[in-house]
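K.L.:
My structure is stored as data05.cif, with mmCIF, C-alpha atoms.
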```cif
data_query
loop_
_atom_site.group_PDB
_atom_site.id
_atom_site.type_symbol
_atom_site.label_atom_id
_atom_site.label_comp_id
_atom_site.auth_asym_id
_atom_site.auth_seq_id
_atom_site.Cartn_x
_atom_site.Cartn_y
_atom_site.Cartn_z
ATOM 1 C CA MET A 1 -10.415 -11.704 13.275
ATOM 2 C CA LYS A 2 -8.370 -14.521 14.752
ATOM 3 C CA ASN A 3 -5.575 -14.409 12.149
ATOM 4 C CA TRP A 4 -5.253 -10.599 12.002
ATOM 5 C CA LYS A 5 -2.183 -10.296 14.274
ATOM 6 C CA LYS A 6 -0.410 -13.072 12.403
ATOM 7 C CA ILE A 7 -1.262 -11.539 9.016
ATOM 8 C CA MET A 8 -0.050 -8.065 9.912
ATOM 9 C CA ALA A 9 3.067 -9.414 11.631
ATOM 10 C CA MET A 10 3.988 -11.256 8.430
ATOM 11 C CA VAL A 11 3.432 -8.116 6.369
ATOM 12 C CA CYS A 12 5.693 -6.018 8.575
ATOM 13 C CA ALA A 13 8.323 -8.750 8.695
ATOM 14 C CA ALA A 14 8.366 -8.891 4.907
ATOM 15 C CA ALA A 15 9.166 -5.188 4.657
ATOM 16 C CA MET A 16 12.246 -5.274 6.945
ATOM 17 C CA ILE A 17 12.836 -1.530 6.747
ATOM 18 C CA GLY A 18 13.758 0.987 9.465
ATOM 19 C CA GLY A 19 13.274 4.705 10.092
ATOM 20 C CA VAL A 20 11.049 7.384 11.599
ATOM 21 C CA SER A 21 9.185 10.419 10.295
ATOM 22 C CA ALA A 22 5.858 12.189 9.992
ATOM 23 C CA PRO A 23 2.941 10.283 8.451
ATOM 24 C CA VAL A 24 2.076 10.606 4.780
ATOM 25 C CA TRP A 25 -1.666 10.737 5.346
ATOM 26 C CA ALA A 26 -1.834 12.746 8.608
ATOM 27 C CA THR A 27 -4.802 15.088 8.879
ATOM 28 C CA ASP A 28 -4.857 18.609 10.306
ATOM 29 C CA ASP A 29 -5.294 18.532 14.109
ATOM 30 C CA THR A 30 -7.750 21.444 13.868
ATOM 31 C CA GLU A 31 -10.299 19.584 11.754
ATOM 32 C CA THR A 32 -13.724 19.011 13.269
ATOM 33 C CA ALA A 33 -15.091 15.643 14.320
ATOM 34 C CA THR A 34 -17.463 15.757 11.333
ATOM 35 C CA GLU A 35 -14.617 16.341 8.906
ATOM 36 C CA ALA A 36 -12.584 13.542 10.514
ATOM 37 C CA ALA A 37 -15.474 11.119 9.953
ATOM 38 C CA GLU A 38 -15.536 11.817 6.211
ATOM 39 C CA VAL A 39 -13.655 9.510 3.874
ATOM 40 C CA THR A 40 -10.952 11.282 1.881
ATOM 41 C CA GLU A 41 -10.983 10.602 -1.850
ATOM 42 C CA TYR A 42 -7.869 10.563 -4.041
ATOM 43 C CA THR A 43 -8.119 10.486 -7.809
ATOM 44 C CA TYR A 44 -5.822 9.791 -10.723
ATOM 45 C CA ASP A 45 -5.529 13.495 -11.607
ATOM 46 C CA MET A 46 -3.847 14.101 -8.215
ATOM 47 C CA LEU A 47 -0.923 11.868 -9.231
ATOM 48 C CA GLU A 48 2.338 13.856 -9.297
ATOM 49 C CA LYS A 49 4.275 12.171 -12.092
ATOM 50 C CA GLU A 50 7.161 14.607 -11.521
ATOM 51 C CA ALA A 51 7.639 13.215 -7.993
ATOM 52 C CA TYR A 52 9.791 10.498 -9.567
ATOM 53 C CA GLU A 53 10.362 8.839 -12.918
ATOM 54 C CA GLY A 54 8.012 5.905 -12.791
ATOM 55 C CA THR A 55 6.791 2.813 -14.596
ATOM 56 C CA TRP A 56 3.251 1.459 -14.462
ATOM 57 C CA LEU A 57 3.236 -2.115 -13.152
ATOM 58 C CA SER A 58 0.169 -4.266 -13.648
ATOM 59 C CA PHE A 59 -0.376 -6.886 -10.944
ATOM 60 C CA GLU A 60 -2.055 -10.157 -11.891
ATOM 61 C CA PRO A 61 -5.147 -9.667 -9.665
ATOM 62 C CA GLY A 62 -6.043 -6.626 -11.790
ATOM 63 C CA PHE A 63 -4.570 -3.470 -10.278
ATOM 64 C CA ASP A 64 -1.763 -1.101 -11.239
ATOM 65 C CA LEU A 65 0.818 0.916 -9.315
ATOM 66 C CA TYR A 66 3.182 3.637 -10.556
ATOM 67 C CA VAL A 67 6.561 2.421 -9.235
ATOM 68 C CA PRO A 68 9.896 4.310 -9.400
ATOM 69 C CA SER A 69 11.600 3.129 -12.613
ATOM 70 C CA ASP A 70 15.081 2.940 -11.131
ATOM 71 C CA TRP A 71 14.071 0.585 -8.335
ATOM 72 C CA GLU A 72 15.407 -2.951 -8.717
ATOM 73 C CA VAL A 73 12.725 -5.635 -8.864
ATOM 74 C CA LEU A 74 13.759 -8.539 -6.638
ATOM 75 C CA GLU A 75 12.935 -12.197 -7.151
ATOM 76 C CA VAL A 76 10.100 -13.607 -5.068
ATOM 77 C CA SER A 77 10.714 -17.186 -3.974
ATOM 78 C CA GLU A 78 8.020 -19.839 -3.786
ATOM 79 C CA GLU A 79 8.636 -20.004 -0.026
ATOM 80 C CA ASP A 80 8.014 -16.263 0.383
ATOM 81 C CA GLN A 81 4.855 -16.561 -1.702
ATOM 82 C CA LYS A 82 3.593 -19.429 0.407
ATOM 83 C CA GLU A 83 4.713 -18.298 3.869
ATOM 84 C CA HIS A 84 4.277 -14.515 3.605
ATOM 85 C CA GLY A 85 1.912 -14.035 0.668
ATOM 86 C CA LEU A 86 4.655 -11.997 -0.987
ATOM 87 C CA MET A 87 3.842 -11.190 -4.607
ATOM 88 C CA PHE A 88 6.265 -8.348 -5.386
ATOM 89 C CA GLN A 89 9.328 -6.677 -3.911
ATOM 90 C CA ALA A 90 11.673 -3.952 -5.114
ATOM 91 C CA LYS A 91 14.427 -1.804 -3.655
ATOM 92 C CA ALA A 92 16.066 1.526 -4.374
ATOM 93 C CA PRO A 93 19.327 1.322 -6.394
ATOM 94 C CA ASP A 94 21.417 2.940 -3.632
ATOM 95 C CA ASP A 95 22.253 1.699 -0.131
ATOM 96 C CA SER A 96 19.498 3.773 1.489
ATOM 97 C CA GLY A 97 17.465 0.738 2.533
ATOM 98 C CA ASP A 98 14.393 2.104 0.752
ATOM 99 C CA ASN A 99 12.136 -0.618 -0.621
ATOM 100 C CA MET A 100 8.585 -1.769 -1.146
ATOM 101 C CA VAL A 101 6.688 -5.027 -0.934
ATOM 102 C CA VAL A 102 3.227 -6.138 -2.013
ATOM 103 C CA THR A 103 1.558 -9.057 -0.251
ATOM 104 C CA ALA A 104 -1.716 -10.908 -0.764
ATOM 105 C CA THR A 105 -3.514 -12.665 2.095
ATOM 106 C CA ASP A 106 -6.836 -14.533 2.089
ATOM 107 C CA ILE A 107 -8.853 -13.065 4.981
ATOM 108 C CA GLY A 108 -12.350 -14.074 3.903
ATOM 109 C CA LYS A 109 -15.318 -12.443 2.192
ATOM 110 C CA ASP A 110 -16.999 -11.320 5.427
ATOM 111 C CA TYR A 111 -14.322 -8.662 5.921
ATOM 112 C CA ASP A 112 -14.424 -5.029 4.773
ATOM 113 C CA THR A 113 -12.314 -1.878 5.082
ATOM 114 C CA ASP A 114 -14.254 -0.685 8.146
ATOM 115 C CA LYS A 115 -13.395 -3.893 10.000
ATOM 116 C CA MET A 116 -9.813 -3.632 8.759
ATOM 117 C CA LYS A 117 -9.511 -0.083 10.093
ATOM 118 C CA THR A 118 -11.002 -1.115 13.439
ATOM 119 C CA GLU A 119 -8.559 -4.022 13.759
ATOM 120 C CA LEU A 120 -5.585 -1.781 12.966
ATOM 121 C CA GLU A 121 -6.720 0.715 15.601
ATOM 122 C CA THR A 122 -6.531 -1.987 18.299
ATOM 123 C CA GLU A 123 -2.814 -2.510 17.680
ATOM 124 C CA GLU A 124 -0.145 -0.098 18.954
ATOM 125 C CA THR A 125 2.043 -1.015 15.970
ATOM 126 C CA TYR A 126 -0.130 1.005 13.573
ATOM 127 C CA THR A 127 -0.607 4.779 13.615
ATOM 128 C CA ASP A 128 -2.210 7.479 11.470
ATOM 129 C CA ILE A 129 -4.853 5.030 10.270
ATOM 130 C CA GLU A 130 -7.331 6.422 7.772
ATOM 131 C CA LYS A 131 -9.970 4.965 5.491
ATOM 132 C CA VAL A 132 -9.673 6.447 1.990
ATOM 133 C CA ILE A 133 -10.997 5.950 -1.520
ATOM 134 C CA ILE A 134 -8.339 5.871 -4.244
ATOM 135 C CA ASN A 135 -9.604 5.944 -7.815
ATOM 136 C CA GLY A 136 -12.805 4.236 -6.704
ATOM 137 C CA ILE A 137 -11.025 1.605 -4.558
ATOM 138 C CA GLU A 138 -11.789 1.580 -0.820
ATOM 139 C CA ALA A 139 -8.565 1.254 1.162
ATOM 140 C CA VAL A 140 -6.968 1.880 4.527
ATOM 141 C CA VAL A 141 -3.689 3.767 4.841
ATOM 142 C CA PHE A 142 -1.493 3.651 7.924
ATOM 143 C CA ASN A 143 2.050 3.874 9.221
ATOM 144 C CA THR A 144 4.082 1.297 11.111
ATOM 145 C CA ASP A 145 7.260 2.217 13.001
ATOM 146 C CA VAL A 146 9.208 1.722 9.793
ATOM 147 C CA THR A 147 6.903 1.844 6.758
ATOM 148 C CA TYR A 148 4.033 3.592 5.034
ATOM 149 C CA GLY A 149 1.202 1.118 4.400
ATOM 150 C CA LEU A 150 -1.801 0.742 2.119
ATOM 151 C CA ALA A 151 -4.266 -2.143 2.376
ATOM 152 C CA PHE A 152 -7.315 -2.933 0.247
ATOM 153 C CA LEU A 153 -9.574 -5.903 -0.507
ATOM 154 C CA ASP A 154 -10.904 -7.618 -3.607
ATOM 155 C CA ASP A 155 -14.268 -9.353 -4.045
ATOM 156 C CA ASP A 156 -12.737 -12.774 -3.314
ATOM 157 C CA GLY A 157 -11.658 -11.847 0.228
ATOM 158 C CA ILE A 158 -7.997 -11.248 -0.594
ATOM 159 C CA MET A 159 -6.279 -8.387 1.231
ATOM 160 C CA TYR A 160 -3.508 -6.662 -0.708
ATOM 161 C CA ASN A 161 -0.974 -4.780 1.361
ATOM 162 C CA VAL A 162 1.571 -2.352 -0.076
ATOM 163 C CA GLN A 163 4.392 -1.398 2.293
ATOM 164 C CA MET A 164 6.971 1.257 1.387
ATOM 165 C CA GLY A 165 9.816 2.748 3.410
ATOM 166 C CA GLU A 166 11.985 3.892 5.023
ATOM 167 C CA LEU A 167 9.917 6.571 6.707
ATOM 168 C CA SER A 168 11.463 9.936 5.800
ATOM 169 C CA ASP A 169 10.442 13.359 4.569
ATOM 170 C CA GLU A 170 11.724 12.490 1.101
ATOM 171 C CA ASN A 171 9.931 9.142 0.983
ATOM 172 C CA ALA A 172 6.655 10.615 2.237
ATOM 173 C CA GLU A 173 6.069 12.188 -1.171
ATOM 174 C CA ILE A 174 7.061 8.993 -2.994
ATOM 175 C CA ALA A 175 4.795 6.843 -0.806
ATOM 176 C CA GLN A 176 1.811 9.138 -1.179
ATOM 177 C CA ASN A 177 2.262 9.266 -4.949
ATOM 178 C CA LEU A 178 2.667 5.478 -5.104
ATOM 179 C CA PHE A 179 -0.544 4.972 -3.136
ATOM 180 C CA ILE A 180 -2.531 7.549 -5.139
ATOM 181 C CA SER A 181 -1.522 5.685 -8.306
ATOM 182 C CA LEU A 182 -3.520 2.603 -7.253
ATOM 183 C CA ARG A 183 -6.029 1.853 -9.984
ATOM 184 C CA VAL A 184 -7.980 -1.049 -11.423
ATOM 185 C CA THR A 185 -6.197 -2.293 -14.556
ATOM 186 C CA GLU A 186 -9.377 -2.565 -16.636
ATOM 187 C CA THR A 187 -10.238 1.122 -16.148
ATOM 188 C CA THR A 188 -6.889 2.706 -17.014
ATOM 189 C CA ASP A 189 -6.846 5.707 -19.303
ATOM 190 C CA ASP A 190 -3.276 5.169 -20.443
ATOM 191 C CA GLY A 191 -3.859 1.823 -22.112
ATOM 192 C CA ALA A 192 -2.093 -1.335 -20.976
ATOM 193 C CA ALA A 193 0.443 -1.090 -18.179
ATOM 194 C CA GLU A 194 4.049 -1.215 -19.309
ATOM 195 C CA GLU A 195 5.052 -4.251 -17.252
ATOM 196 C CA THR A 196 3.367 -7.107 -15.412
ATOM 197 C CA ALA A 197 4.312 -8.045 -11.854
ATOM 198 C CA GLU A 198 3.418 -11.585 -10.850
#
```
Take the structure in this file and express it as structure tokens.
P.N.:
Amino acid sequence: MKNWKKIMAMVCAAAMIGGVSAPVWATDDTETATEAAEVTEYTYDMLEKEAYEGTWLSFEPGFDLYVPSDWEVLEVSEEDQKEHGLMFQAKAPDDSGDNMVVTATDIGKDYDTDKMKTELETEETYTDIEKVIINGIEAVVFNTDVTYGLAFLDDDGIMYNVQMGELSDENAEIAQNLFISLRVTETTDDGAAEETAE
């Protein structure tokens, strides 16, 4: 896709986080080629609510994420919305540099998660790329040099990208839990989400 490099560069620029560590979604090196080809499924009952005190946020396009409650939600400017597709950003309350962003980018209806995974695999920037299914949503998870990433598509050709970092052993658990919490708002078991993120 001609705009892929530009799209992913904007996503990584929006995160502006640094650090290094092991991947959240890394698979066992001893697995067979057949096992590697299978798509891993994550479900709501695998969510570790004790990993952090969280709040369900409902995003306008119709999906929810379980975000750490003590993270400060930052204002998203019209310029950031227009230039970077930024729809949400939050940061940890300390000076750790930990934060997360959610972006939305129109990449067209002829795109799917298989193509997304293939595109990511052509770029050295992205590692530990894996196609997964989270609560019925097809997605691709990956690492950059500085963040954990999750990308998925809607039926209108919009790619949503969740980036969380810094990469660290402590944040690996938070990132994995955050990603496993991804769910379609209409199918939640807990009723309406507590807050709405626009």
K.L.:
In Å to one decimal, how far is atom CA of Thr125 of chain A from atom CA of Glu38 of chain A?
P.N.:
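Between atom CA of Glu38 of chain A and atom CA of Thr125 of chain A the gap works out to 23.9 Å.
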K.L.:
Step by step, work through what the PyMOL selection byres ((chain A and resi 52) around 9) selects in the shown file, and finish by giving those residues as a PyMOL selection string.
P.N.:
chain A and resi 48-51+53-54+67-69+174+177
K.L.:
Of the residues A:Val39, A:Ile129, A:Val102, A:Lys91, which is the one nearest to Phe59 of chain A, using all atoms listed in the file?
P.N.:
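Smallest distance to Phe59 of chain A is found for A:Val102.
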K.L.:
One decimal, Å: what's the distance from atom CA of Leu57 of chain A over to atom CA of Phe88 of chain A, could you say?
P.N.:
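Taking atom CA of Leu57 of chain A as the start and atom CA of Phe88 of chain A as the end point, the length is 10.4 Å.
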K.L.:
With distances taken over all atoms listed in the file, which of A:Ala151, A:Leu65, A:Leu86, A:Leu47 is nearest to Thr103 of chain A?
P.N.:
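Of the candidates, the smallest distance to Thr103 of chain A is held by A:Leu86.
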K.L.:
From the options A:Thr43, A:Ile180, A:Thr105, A:Asp95, which residue's atoms come nearest to Glu83 of chain A, counting only C-alpha atoms?
P.N.:
A:Thr105
K.L.:
Just give me the gap between atom CA of Gln176 of chain A and atom CA of Asp114 of chain A in Å, one decimal is fine.
P.N.:
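So the two atoms, atom CA of Gln176 of chain A and atom CA of Asp114 of chain A, lie 21.0 Å apart.
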K.L.:
Using the chain letters and numbering of this document, enumerate as a ChimeraX atom specification the residues selected by the PyMOL selection byres ((chain A and resi 109) around 9).
P.N.:
/A:106-108,110-112,154-158
K.L.:
Nearest residue to Gly97 of chain A out of A:Thr118, A:Asn161, A:Ser168, A:Asn143, using all atoms listed in the file?
P.N.:
A:Ser168
K.L.:
Counting all atoms listed in the file, which residues sit no farther than 7 Å from the position (17.2, -0.9, -4.6) in the file's frame? I'd like them as a list in words.
P.N.:
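Final list of nearby residues, as requested, is Trp71, Glu72, Ala90, Lys91, Ala92, Pro93, Asp94, Asp98 and Asn99 of chain A.
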K.L.:
Can you spell out as a PyMOL selection string the set of residues that the PyMOL selection byres ((chain A and resi 116) around 10) selects in the structure I just provided?
P.N.:
chain A and resi 1+4+111-115+117-121+131+139-140+151-153+159
K.L.:
Selection from above, C-alpha atoms, as an mmCIF file, keeping the file's coordinate frame, can you write it?
P.N.:
```cif
data_model
loop_
_atom_site.group_PDB
_atom_site.id
_atom_site.type_symbol
_atom_site.label_atom_id
_atom_site.label_comp_id
_atom_site.auth_asym_id
_atom_site.auth_seq_id
_atom_site.Cartn_x
_atom_site.Cartn_y
_atom_site.Cartn_z
ATOM 1 C CA MET A 1 -10.415 -11.704 13.275
ATOM 2 C CA TRP A 4 -5.253 -10.599 12.002
ATOM 3 C CA TYR A 111 -14.322 -8.662 5.921
ATOM 4 C CA ASP A 112 -14.424 -5.029 4.773
ATOM 5 C CA THR A 113 -12.314 -1.878 5.082
ATOM 6 C CA ASP A 114 -14.254 -0.685 8.146
ATOM 7 C CA LYS A 115 -13.395 -3.893 10.000
ATOM 8 C CA LYS A 117 -9.511 -0.083 10.093
ATOM 9 C CA THR A 118 -11.002 -1.115 13.439
ATOM 10 C CA GLU A 119 -8.559 -4.022 13.759
ATOM 11 C CA LEU A 120 -5.585 -1.781 12.966
ATOM 12 C CA GLU A 121 -6.720 0.715 15.601
ATOM 13 C CA LYS A 131 -9.970 4.965 5.491
ATOM 14 C CA ALA A 139 -8.565 1.254 1.162
ATOM 15 C CA VAL A 140 -6.968 1.880 4.527
ATOM 16 C CA ALA A 151 -4.266 -2.143 2.376
ATOM 17 C CA PHE A 152 -7.315 -2.933 0.247
ATOM 18 C CA LEU A 153 -9.574 -5.903 -0.507
ATOM 19 C CA MET A 159 -6.279 -8.387 1.231
#
```
K.L.:
Nearest to Ala104 of chain A: which of A:Glu170, A:Glu124, A:Glu41, A:Asp80 is it, counting all atoms listed in the file?
P.N.:
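Among the listed residues, the smallest separation from Ala104 of chain A belongs to A:Asp80.
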K.L.:
Any idea what's packed within 10 Å of Gly136 of chain A, counting all atoms listed in the file, ignoring anything in its chain fewer than 3 positions away? Could you give it as a ChimeraX atom specification?
P.N.:
/A:41-44,132-133,139,182-184
